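Source file: coords_28.txt; contents: compact mmCIF, C-alpha atoms and all ligand atoms.
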# COMPACT_ATOMS: atom_id res chain seq x y z
CA MET D 302 60.59 120.95 110.90
CA ALA D 303 63.71 119.09 109.74
CA GLU D 304 64.13 118.26 106.09
CA ASP D 305 63.43 114.75 104.96
CA TYR D 306 66.61 112.57 104.97
CA TYR D 307 65.97 111.26 101.49
CA SER D 308 65.55 114.70 99.98
CA LEU D 309 68.57 115.90 101.98
CA LEU D 310 70.72 113.37 100.22
CA GLY D 311 68.84 113.88 96.98
CA VAL D 312 67.81 110.24 96.59
CA ALA D 313 64.49 108.47 96.05
CA ARG D 314 62.78 106.72 98.96
CA ASN D 315 63.51 103.38 97.34
CA ALA D 316 67.17 104.22 96.68
CA THR D 317 69.63 101.35 97.00
CA ASP D 318 72.40 101.34 99.60
CA ALA D 319 74.94 102.08 96.88
CA GLU D 320 72.95 105.09 95.68
CA ILE D 321 72.68 106.43 99.21
CA LYS D 322 76.37 105.94 99.79
CA ALA D 323 77.32 107.66 96.55
CA ALA D 324 75.04 110.61 97.23
CA TYR D 325 76.41 110.99 100.75
CA ARG D 326 79.98 110.82 99.58
CA LYS D 327 79.41 113.54 97.04
CA LEU D 328 77.68 115.87 99.49
CA ALA D 329 80.06 115.22 102.35
CA MET D 330 83.01 116.07 100.15
CA LYS D 331 81.35 119.30 99.15
CA HIS D 332 80.38 120.38 102.65
CA HIS D 333 83.26 119.00 104.66
CA PRO D 334 84.42 121.60 107.23
CA ASP D 335 88.04 121.16 106.18
CA ARG D 336 87.08 122.32 102.74
CA ASN D 337 84.95 125.18 103.97
CA PRO D 338 86.79 126.67 106.93
CA GLY D 339 84.68 129.06 108.97
CA ASP D 340 81.58 128.51 106.86
CA LYS D 341 78.84 127.96 109.45
CA ALA D 342 76.20 127.10 106.87
CA SER D 343 78.34 124.34 105.38
CA GLU D 344 79.07 123.05 108.85
CA ALA D 345 75.37 122.80 109.66
CA LYS D 346 74.68 121.19 106.32
CA PHE D 347 77.47 118.73 106.89
CA ARG D 348 75.93 117.66 110.21
CA THR D 349 72.52 117.09 108.70
CA ILE D 350 73.95 115.12 105.80
CA ASN D 351 75.76 112.94 108.27
CA ASP D 352 72.62 112.45 110.34
CA ALA D 353 70.76 111.46 107.23
CA TYR D 354 73.42 109.03 106.15
CA GLN D 355 73.78 107.50 109.60
CA ALA D 356 70.08 106.72 109.54
CA LEU D 357 69.66 105.57 105.95
CA SER D 358 72.79 103.46 105.67
CA ASP D 359 71.73 101.22 108.53
CA PRO D 360 68.89 98.92 107.44
CA LYS D 361 67.37 98.84 110.94
CA LYS D 362 67.52 102.57 111.38
CA ARG D 363 66.24 103.16 107.89
CA LYS D 364 63.21 101.04 108.63
CA LEU D 365 62.57 102.98 111.80
CA TYR D 366 62.98 106.24 109.95
CA ASP D 367 60.58 105.16 107.25
CA GLN D 368 58.05 104.32 109.95
CA TYR D 369 58.50 107.00 112.56
CA GLY D 370 60.59 109.73 110.99
CA GLU D 371 63.56 111.35 112.67
CA ALA D 372 62.32 110.58 116.18
CA GLY D 373 62.58 106.90 115.38
CA VAL D 374 66.32 106.94 114.82
CA ASN D 375 67.77 109.72 116.88
CA GLN D 376 67.09 108.50 120.39
CA GLY D 377 70.34 108.56 122.26
CA ALA D 378 72.45 109.03 119.20
CA GLY D 379 73.46 112.52 120.20
CA GLY D 380 74.35 113.76 116.77
CA PHE D 381 77.42 113.22 114.76
CA GLY D 382 80.67 114.76 115.83
CA GLY D 383 80.54 116.41 119.24
CA GLN D 384 83.76 116.26 121.20
CA GLY D 385 85.39 113.05 120.10
CA GLY D 386 84.25 109.74 121.48
CA PRO D 387 80.62 109.93 122.43
CA GLY D 388 79.41 111.18 119.10
CA PHE D 389 80.99 108.44 117.12
CA GLU D 390 80.36 105.68 119.55
CA GLY D 391 76.74 106.71 119.77
CA PHE D 392 76.31 105.43 116.27
CA GLY D 393 77.79 102.14 117.17
CA GLN D 394 78.67 99.85 114.34
CA GLY D 395 76.20 101.43 111.99
CA VAL D 396 78.64 103.33 109.84
CA ASP D 397 82.19 102.66 108.94
CA VAL D 398 83.31 106.13 108.02
CA ASN D 399 86.62 104.85 106.80
CA GLU D 400 84.93 102.45 104.49
CA VAL D 401 82.76 105.14 102.95
CA PHE D 402 85.57 107.53 102.30
CA GLY D 403 88.56 105.38 101.63
CA ASP D 404 90.95 107.44 99.57
CA LEU D 405 89.20 110.68 100.36
CA PHE D 406 90.62 110.67 103.86
CA GLU D 407 94.11 110.47 102.50
CA ASN D 408 93.56 113.84 100.88
CA LEU D 409 91.83 115.46 103.79
CA PHE D 410 94.11 114.46 106.59
CA GLY D 411 97.35 113.96 104.76
CA GLY D 412 99.82 111.77 106.59
CA GLN D 413 97.37 110.66 109.20
CA GLY D 414 95.13 109.20 106.58
CA GLY D 415 98.03 107.18 105.31
CA GLN D 416 98.82 105.81 108.73
CA ARG D 417 95.27 104.84 109.34
CA GLY D 418 94.98 103.19 105.95
CA GLY D 419 98.21 101.24 106.25
CA GLY D 420 98.11 100.02 109.80
CA GLY D 421 94.38 99.76 110.25
CA ARG D 422 93.92 96.20 109.22
CA ARG D 423 95.53 93.45 111.21
CA GLN D 424 98.06 91.52 109.28
CA ALA D 425 96.85 87.97 108.92
CA ARG D 426 100.07 86.46 107.60
CA GLY D 427 103.74 87.22 107.02
CA ASN D 428 105.04 89.14 104.03
CA ASP D 429 105.85 87.41 100.79
CA LEU D 430 109.46 87.43 99.71
CA LYS D 431 110.78 87.67 96.20
CA TYR D 432 114.13 86.51 94.90
CA GLU D 433 115.70 86.15 91.51
CA THR D 434 118.17 83.54 90.40
CA THR D 435 120.03 82.84 87.19
CA ILE D 436 120.63 79.34 85.88
CA SER D 437 122.25 77.92 82.75
CA LEU D 438 120.31 76.54 79.82
CA GLU D 439 121.59 73.06 80.69
CA ASP D 440 120.12 73.38 84.18
CA ALA D 441 116.86 74.54 82.65
CA PHE D 442 117.00 71.45 80.43
CA LYS D 443 117.75 68.91 83.14
CA GLY D 444 116.05 70.59 86.05
CA VAL D 445 118.09 71.46 89.09
CA GLN D 446 117.98 71.43 92.87
CA LEU D 447 119.05 74.91 93.87
CA PRO D 448 120.38 75.80 97.29
CA LEU D 449 119.06 79.20 98.31
CA HIS D 450 120.61 81.27 101.07
CA PHE D 451 118.82 84.38 102.21
CA GLN D 452 117.70 86.34 105.22
CA ARG D 453 114.15 86.49 106.39
CA VAL D 454 112.10 87.54 109.37
CA GLU D 455 110.99 84.44 111.21
CA SER D 456 108.83 83.75 114.20
CA CYS D 457 111.03 84.04 117.33
CA GLY D 458 111.97 80.61 118.62
CA THR D 459 112.40 81.79 122.21
CA CYS D 460 108.91 83.18 122.71
CA HIS D 461 107.23 81.26 119.85
CA GLY D 462 106.12 84.50 118.29
CA THR D 463 104.29 85.85 121.31
CA GLY D 464 106.87 88.58 121.97
CA GLY D 465 106.70 87.86 125.70
CA LYS D 466 109.43 86.39 127.88
CA PRO D 467 108.77 82.66 128.31
CA GLY D 468 106.37 82.30 131.20
CA SER D 469 105.18 85.87 131.06
CA GLY D 470 101.73 86.54 129.76
CA VAL D 471 100.13 89.06 127.53
CA LYS D 472 97.60 91.56 128.80
CA ARG D 473 94.87 93.46 127.13
CA CYS D 474 96.01 96.83 125.80
CA THR D 475 94.76 99.53 128.14
CA GLN D 476 94.46 102.21 125.51
CA CYS D 477 92.14 100.44 123.10
CA ARG D 478 90.79 97.91 125.61
CA GLY D 479 91.76 95.08 123.29
CA ALA D 480 90.01 96.43 120.22
CA GLY D 481 93.21 97.35 118.38
CA ARG D 482 91.62 100.60 117.26
CA VAL D 483 90.93 103.91 118.96
CA GLN D 484 88.54 106.71 118.13
CA VAL D 485 90.18 110.00 117.26
CA SER D 486 88.34 113.21 116.66
CA GLN D 487 89.30 115.35 113.70
CA GLY D 488 87.29 118.54 113.77
CA PHE D 489 83.78 117.37 113.14
CA PHE D 490 84.87 113.93 112.26
CA ALA D 491 85.42 111.15 114.65
CA MET D 492 87.28 108.30 113.13
CA SER D 493 88.87 105.09 114.10
CA GLN D 494 92.65 104.64 114.03
CA THR D 495 95.08 101.84 114.71
CA CYS D 496 95.93 101.88 118.40
CA PRO D 497 99.34 103.51 118.75
CA ARG D 498 100.12 101.60 121.95
CA CYS D 499 99.63 98.03 120.76
CA GLY D 500 99.96 98.62 117.03
CA GLY D 501 96.54 97.15 116.39
CA GLU D 502 97.22 93.87 118.16
CA GLY D 503 94.83 94.64 121.01
CA GLN D 504 97.29 93.14 123.47
CA ILE D 505 100.73 93.92 124.82
CA VAL D 506 103.26 91.66 126.47
CA GLU D 507 103.95 92.12 130.16
CA ASP D 508 107.61 91.25 129.95
CA PRO D 509 109.13 91.53 126.46
CA CYS D 510 111.22 88.64 125.11
CA LYS D 511 114.90 89.61 125.02
CA ASP D 512 115.73 87.83 121.78
CA CYS D 513 113.18 89.65 119.66
CA LYS D 514 112.63 92.73 121.85
CA GLY D 515 108.97 91.89 122.13
CA GLN D 516 108.43 91.80 118.37
CA GLY D 517 107.80 88.06 118.24
CA ARG D 518 109.94 87.86 115.14
CA THR D 519 113.65 87.99 114.37
CA ARG D 520 115.78 88.21 111.25
CA LYS D 521 117.47 84.94 110.50
CA ASP D 522 119.58 83.25 107.87
CA ALA D 523 117.50 80.81 105.96
CA GLU D 524 118.55 77.98 103.72
CA LEU D 525 116.29 76.28 101.31
CA LYS D 526 116.57 73.74 98.51
CA VAL D 527 114.37 74.69 95.62
CA LYS D 528 113.58 72.25 92.85
CA ILE D 529 113.59 73.88 89.42
CA PRO D 530 111.60 71.68 87.02
CA PRO D 531 113.06 70.69 83.62
CA GLY D 532 111.85 72.97 80.84
CA ILE D 533 111.51 76.06 83.01
CA TYR D 534 111.22 79.29 81.06
CA HIS D 535 113.25 82.45 81.38
CA GLY D 536 111.22 84.83 83.55
CA ALA D 537 109.08 82.12 85.15
CA THR D 538 108.22 82.60 88.82
CA LEU D 539 107.99 79.71 91.25
CA ARG D 540 105.91 80.08 94.38
CA ILE D 541 107.22 78.27 97.41
CA SER D 542 104.36 78.21 99.81
CA GLY D 543 105.04 79.16 103.43
CA GLU D 544 108.70 80.10 102.95
CA GLY D 545 108.23 83.88 103.15
CA GLU D 546 108.46 85.97 106.30
CA GLY D 547 107.01 84.71 109.54
CA GLY D 548 103.62 86.07 110.48
CA PRO D 549 103.10 88.40 113.44
CA ARG D 550 102.32 86.65 116.74
CA GLY D 551 102.99 83.26 115.26
CA ALA D 552 100.53 83.76 112.39
CA GLN D 553 100.95 81.99 109.06
CA PRO D 554 104.11 82.84 107.13
CA GLY D 555 104.04 84.44 103.69
CA ASP D 556 105.19 82.76 100.48
CA LEU D 557 108.53 82.89 98.70
CA TYR D 558 108.53 83.81 95.03
CA LEU D 559 111.55 82.83 93.00
CA GLU D 560 111.97 84.37 89.57
CA ILE D 561 114.12 82.31 87.22
CA HIS D 562 116.45 83.87 84.71
CA ILE D 563 118.27 81.76 82.14
CA LYS D 564 121.72 82.80 81.00
CA PRO D 565 122.01 83.14 77.23
CA ASP D 566 123.75 80.11 75.76
CA PRO D 567 126.50 80.64 73.17
CA ARG D 568 125.37 77.69 71.07
CA PHE D 569 121.63 77.51 71.31
CA GLU D 570 118.88 79.98 70.92
CA ARG D 571 115.59 79.09 72.52
CA LYS D 572 112.10 79.79 71.29
CA GLU D 573 109.55 78.26 73.65
CA ASP D 574 110.45 74.55 73.64
CA ASP D 575 112.46 74.62 70.42
CA LEU D 576 116.18 75.25 70.23
CA SER D 577 118.10 76.61 67.28
CA VAL D 578 121.68 75.80 66.37
CA GLY D 579 123.86 76.89 63.47
CA ALA D 580 125.61 74.42 61.11
CA THR D 581 128.22 75.36 58.54
CA VAL D 582 128.28 73.28 55.37
CA ASP D 583 130.78 73.55 52.49
CA ILE D 584 129.50 74.29 48.99
CA ALA D 585 130.17 70.81 47.71
CA THR D 586 128.17 69.16 50.48
CA ALA D 587 125.38 71.69 50.02
CA ALA D 588 125.25 70.94 46.32
CA LEU D 589 125.86 67.18 46.37
CA GLY D 590 124.27 66.34 49.70
CA GLY D 591 125.89 64.66 52.68
CA GLN D 592 125.76 65.09 56.43
CA THR D 593 126.91 67.29 59.26
CA THR D 594 127.12 67.00 63.04
CA VAL D 595 125.56 69.50 65.46
CA PRO D 596 125.68 69.73 69.25
CA THR D 597 122.53 69.14 71.29
CA ILE D 598 121.52 70.37 74.72
CA ASP D 599 121.70 66.86 76.19
CA GLY D 600 125.40 66.65 75.24
CA GLU D 601 125.12 63.95 72.57
CA PRO D 602 125.99 65.42 69.15
CA VAL D 603 123.56 64.45 66.45
CA THR D 604 124.23 63.80 62.75
CA VAL D 605 121.98 65.65 60.35
CA LYS D 606 121.44 64.65 56.74
CA ILE D 607 122.05 67.40 54.21
CA ALA D 608 120.00 66.90 51.09
CA HIS D 609 121.59 67.72 47.75
CA GLY D 610 120.88 71.26 46.70
CA THR D 611 120.49 72.58 50.25
CA GLN D 612 120.47 76.38 50.18
CA HIS D 613 122.21 78.82 52.49
CA GLY D 614 119.78 79.80 55.25
CA ALA D 615 117.77 76.58 55.02
CA THR D 616 116.34 75.23 58.30
CA LEU D 617 116.36 71.54 59.08
CA ARG D 618 114.29 70.15 61.90
CA VAL D 619 115.49 67.42 64.27
CA ARG D 620 112.45 66.19 66.19
CA GLU D 621 112.48 65.90 69.99
CA LYS D 622 115.96 67.36 70.46
CA GLY D 623 114.84 70.66 72.00
CA MET D 624 113.84 71.55 75.57
CA PRO D 625 111.58 69.30 77.61
CA LYS D 626 107.99 70.49 77.74
CA LEU D 627 107.31 72.06 81.13
CA HIS D 628 103.66 71.13 80.92
CA GLY D 629 103.13 67.81 79.31
CA ARG D 630 105.41 65.21 77.84
CA GLY D 631 108.08 65.10 75.20
CA ARG D 632 110.50 67.67 73.95
CA GLY D 633 110.61 70.51 71.49
CA ASP D 634 112.64 70.29 68.29
CA LEU D 635 116.14 71.30 67.35
CA LEU D 636 116.19 73.64 64.37
CA VAL D 637 119.42 73.53 62.40
CA HIS D 638 120.12 76.71 60.46
CA VAL D 639 122.37 75.93 57.54
CA ARG D 640 125.14 78.32 56.58
CA VAL D 641 126.83 77.48 53.29
CA ASP D 642 130.47 78.36 53.50
CA VAL D 643 131.95 79.86 50.35
CA PRO D 644 135.73 79.23 50.34
CA ARG D 645 137.89 82.36 50.50
CA ASP D 646 141.16 80.78 49.43
CA LEU D 647 141.41 78.08 46.81
CA THR D 648 144.38 75.96 45.89
CA SER D 649 145.32 76.02 42.23
CA LYS D 650 143.82 72.55 41.85
CA GLN D 651 140.52 73.63 43.35
CA LYS D 652 140.52 76.72 41.21
CA GLU D 653 141.04 74.63 38.08
CA LEU D 654 138.23 72.29 39.01
CA LEU D 655 135.88 75.10 39.81
CA GLU D 656 136.64 76.84 36.57
CA ALA D 657 135.93 73.65 34.70
CA PHE D 658 132.73 73.33 36.67
CA GLN D 659 131.89 76.92 35.88
CA LYS D 660 132.25 76.25 32.16
CA THR D 661 129.76 73.43 32.35
CA LEU D 662 127.31 75.85 33.99
CA HIS D 663 127.63 78.23 31.05
CA GLU D 664 127.30 75.44 28.54
CA GLU D 665 124.12 74.31 30.22
CA HIS D 666 122.82 77.84 30.27
CA LYS D 667 123.56 78.21 26.56
CA SER D 668 121.85 74.95 25.81
CA ASP D 669 118.90 75.98 27.99
CA GLY D 670 117.73 78.29 25.24
CA VAL D 671 117.37 75.63 22.58
CA PHE D 672 117.46 72.21 24.25
CA GLY D 673 115.91 73.28 27.50
CA ARG D 674 112.66 74.05 25.75
CA LEU D 675 112.93 71.03 23.46
CA PHE D 676 113.55 68.48 26.20
CA GLY D 677 111.56 70.18 28.94
CA LYS D 678 114.59 70.85 31.09
CA ASP D 679 114.57 73.66 33.58
ZN ZN D 701 110.96 86.41 121.20
ZN ZN D 702 95.84 99.03 121.92
Written form, structure tokens:
Amino acid sequence: MAEDYYSLLGVARNATDAEIKAAYRKLAMKHHPDRNPGDKASEAKFRTINDAYQALSDPKKRKLYDQYGEAGVNQGAGGFGGQGGPGFEGFGQGVDVNEVFGDLFENLFGGQGGQRGGGGRRQARGNDLKYETTISLEDAFKGVQLPLHFQRVESCGTCHGTGGKPGSGVKRCTQCRGAGRVQVSQGFFAMSQTCPRCGGEGQIVEDPCKDCKGQGRTRKDAELKVKIPPGIYHGATLRISGEGEGGPRGAQPGDLYLEIHIKPDPRFERKEDDLSVGATVDIATAALGGQTTVPTIDGEPVTVKIAHGTQHGATLRVREKGMPKLHGRGRGDLLVHVRVDVPRDLTSKQKELLEAFQKTLHEEHKSDGVFGRLFGKD
């Protein structure tokens, strides 16, 4: 009397599909013939686990099993494995072995697993392309229309992506009978692989197109004008829909991603939408007040008022003279960093004046002690 499928997998009768799958995965890994070479007991166990999983993972079969036991599900199935095809196909669409194992197969079958994983799914669209470009800060400020020259794989114009000589047809692949996949037996496993003959397309061309050698796609020079919006950030990526590589057999093309780099500017430093600029002010202007002129990113220099007593390192803010806001309206600010320039060389006249000035400082300091307190001066 065969063991109950549920107890074989070590799950409750009301186990969920996920629980059944997890339990099977665990046991199948443990008892897989590749991991237990020559171990007949493991081999037998492996078969029964597979039988159990085949039955319980399919809702219809599980219902039958619950009602009638093993006899209910095993009619015509023929057992898992066998010599290649029949075993696997007997189970029909019930179990996607690849789906259950995923990465596990990569380990078990090495390179073959990789091939199966990579080429198994049909490619629905062309590959995305990625380019980088460097623009100046001025271009980032104004926005720019950028001509882009590059090479990409495009759908072949001669055969319109079919890969066949104009007028020649395509026929169903004889090896996979149009399915794009073939069953391959691996020891006790039968699994499905991308058809090596048609590369998973399910069809092959009768008479290959000369221009693309039957590939349906060719490498071509492409030219594109890309609009970079004002206010773009360094490191931003623009997606240009449909400008990537052409899809196989005339399928949808991929997208083009353009990463923007902004060259450092010698005058301005950018922080988000604000720009910083340095301004050198002489000591007299810093002390007495006055004005200075600074460059702006739009090219029109702007005059900034320097208040009396402005300190070295002070920051003045000029509103709306920074970068345009990429999202939304208006502009960032221009931050003017004040550097007070202390003269290195003085004429004798300047020296005299400064010395006189210096004396007044000392007099005031002296008076601070007595009069400062009396008159509330600081
Ligand atoms: Zn062609
Ligand atoms: Zn094929």
Any idea what's packed within 9 Å of D:Pro509, counting all atoms listed in the file, ignoring anything in its chain fewer than 3 positions away? Could you give it as a compact mmCIF listing (two decimals) with C-alpha atoms, in the coordinates of the input?
# COMPACT_ATOMS: atom_id res chain seq x y z
CA GLY D 464 106.87 88.58 121.97
CA GLY D 465 106.70 87.86 125.70
CA LYS D 466 109.43 86.39 127.88
CA SER D 469 105.18 85.87 131.06
CA ILE D 505 100.73 93.92 124.82
CA VAL D 506 103.26 91.66 126.47
CA ASP D 512 115.73 87.83 121.78
CA CYS D 513 113.18 89.65 119.66
CA LYS D 514 112.63 92.73 121.85
CA GLY D 515 108.97 91.89 122.13
CA GLN D 516 108.43 91.80 118.37
Give me the residues within 9 Å of D:Ser358 as a list of chain:residue names, counting all atoms listed in the file and dropping any in the same chain fewer than 3 places off.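 The residues satisfying every condition are D:Asp318, D:Ile321, D:Lys322, D:Ala353, D:Tyr354, D:Gln355, D:Lys361, D:Lys362, D:Arg363, D:Gly395, D:Val396.
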Restricting to all atoms listed in the file, whichever of D:Cys474, D:Ile533, D:Val485, D:Cys460 is closest to D:Thr435 is D:Ile533
Is there a way to get, as a PyMOL selection string, all residues within 10 Å of the point (74.9, 117.7, 99.1) in file coordinates, counting all atoms listed in the file? chain D and resi 308-311+324-332+343+346-347+349-350
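Across the structure, atom CA of D:Gln494 and atom CA of D:Gly339 are spaced 26.2 Å apart.
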Which residues are close to stretch 427-429 of chain D, i.e. within 9 Å by all atoms listed in the file, leaving aside same-chain residues fewer than 4 positions away? Reply as a short mmCIF file (atom, residue, chain, number, x, y, z; two decimals) with C-alpha atoms, in the coordinates of the input.
data_model
loop_
_atom_site.label_atom_id
_atom_site.label_comp_id
_atom_site.auth_asym_id
_atom_site.auth_seq_id
_atom_site.Cartn_x
_atom_site.Cartn_y
_atom_site.Cartn_z
CA VAL D 454 112.10 87.54 109.37
CA GLU D 455 110.99 84.44 111.21
CA GLY D 543 105.04 79.16 103.43
CA GLU D 544 108.70 80.10 102.95
CA GLY D 545 108.23 83.88 103.15
CA GLU D 546 108.46 85.97 106.30
CA GLY D 547 107.01 84.71 109.54
CA GLY D 548 103.62 86.07 110.48
CA PRO D 549 103.10 88.40 113.44
CA ALA D 552 100.53 83.76 112.39
CA GLN D 553 100.95 81.99 109.06
CA PRO D 554 104.11 82.84 107.13
CA GLY D 555 104.04 84.44 103.69
CA ASP D 556 105.19 82.76 100.48
CA LEU D 557 108.53 82.89 98.70
CA TYR D 558 108.53 83.81 95.03
#
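In this comparison, which uses all atoms listed in the file, the residue of D:Ala657, D:Cys510, D:Leu447, D:Val312 approaching ligand ZN 701 (chain D) most closely is D:Cys510.
Taking atom CA of D:Gly517 as the reference point, atom CA of D:Pro448 is found at 27.3 Å.
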Please return, as a list in words, all polymer residues that have at least one atom within 9 Å of the point (110.6, 67.7, 72.3); use only C-alpha atoms and the file's own coordinate frame. Asp574, Asp575, Arg620, Glu621, Lys622, Gly623, Met624, Pro625, Lys626, Arg630, Gly631, Arg632, Gly633, Asp634 and Leu635 of chain D
So that I have them on file, write out the residues from the current selection with C-alpha atoms, as a CSV table (one decimal), in the coordinates of the input.
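To be explicit, this is the file written out as again_14.csv:
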chain,number,residue,atom,x,y,z
D,574,ASP,CA,110.4,74.6,73.6
D,575,ASP,CA,112.5,74.6,70.4
D,620,ARG,CA,112.4,66.2,66.2
D,621,GLU,CA,112.5,65.9,70.0
D,622,LYS,CA,116.0,67.4,70.5
D,623,GLY,CA,114.8,70.7,72.0
D,624,MET,CA,113.8,71.6,75.6
D,625,PRO,CA,111.6,69.3,77.6
D,626,LYS,CA,108.0,70.5,77.7
D,630,ARG,CA,105.4,65.2,77.8
D,631,GLY,CA,108.1,65.1,75.2
D,632,ARG,CA,110.5,67.7,74.0
D,633,GLY,CA,110.6,70.5,71.5
D,634,ASP,CA,112.6,70.3,68.3
D,635,LEU,CA,116.1,71.3,67.4
Determine, using all atoms listed in the file, which residues of chain D have any atom at most 9 Å from an atom of ligand ZN 702 (chain D), and tabulate each with its shortest atom pair and distance in Å to one decimal place, rows ordered by chain and then rising number, as CSV.
residue,atom,partner,partner_atom,distance
D:Arg473,CA,D:ZN702,ZN,7.7
D:Cys474,CA,D:ZN702,ZN,4.5
D:Thr475,CA,D:ZN702,ZN,6.3
D:Gln476,CA,D:ZN702,ZN,5.0
D:Cys477,CA,D:ZN702,ZN,4.1
D:Arg478,CA,D:ZN702,ZN,6.4
D:Gly479,CA,D:ZN702,ZN,5.8
D:Ala480,CA,D:ZN702,ZN,6.6
D:Gly481,CA,D:ZN702,ZN,4.7
D:Arg482,CA,D:ZN702,ZN,6.5
D:Val483,CA,D:ZN702,ZN,7.5
D:Thr495,CA,D:ZN702,ZN,7.8
D:Cys496,CA,D:ZN702,ZN,4.5
D:Pro497,CA,D:ZN702,ZN,6.5
D:Arg498,CA,D:ZN702,ZN,5.0
D:Cys499,CA,D:ZN702,ZN,4.1
D:Gly500,CA,D:ZN702,ZN,6.4
D:Gly501,CA,D:ZN702,ZN,5.9
D:Glu502,CA,D:ZN702,ZN,6.5
D:Gly503,CA,D:ZN702,ZN,4.6
D:Gln504,CA,D:ZN702,ZN,6.3
D:Ile505,CA,D:ZN702,ZN,7.6
Pick from D:Pro338, D:Pro644, D:Gly551, D:Pro596 nearest to D:His461, counting all atoms listed in the file: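 Once distances to D:His461 are computed over all atoms listed in the file, the minimum belongs to D:Gly551.
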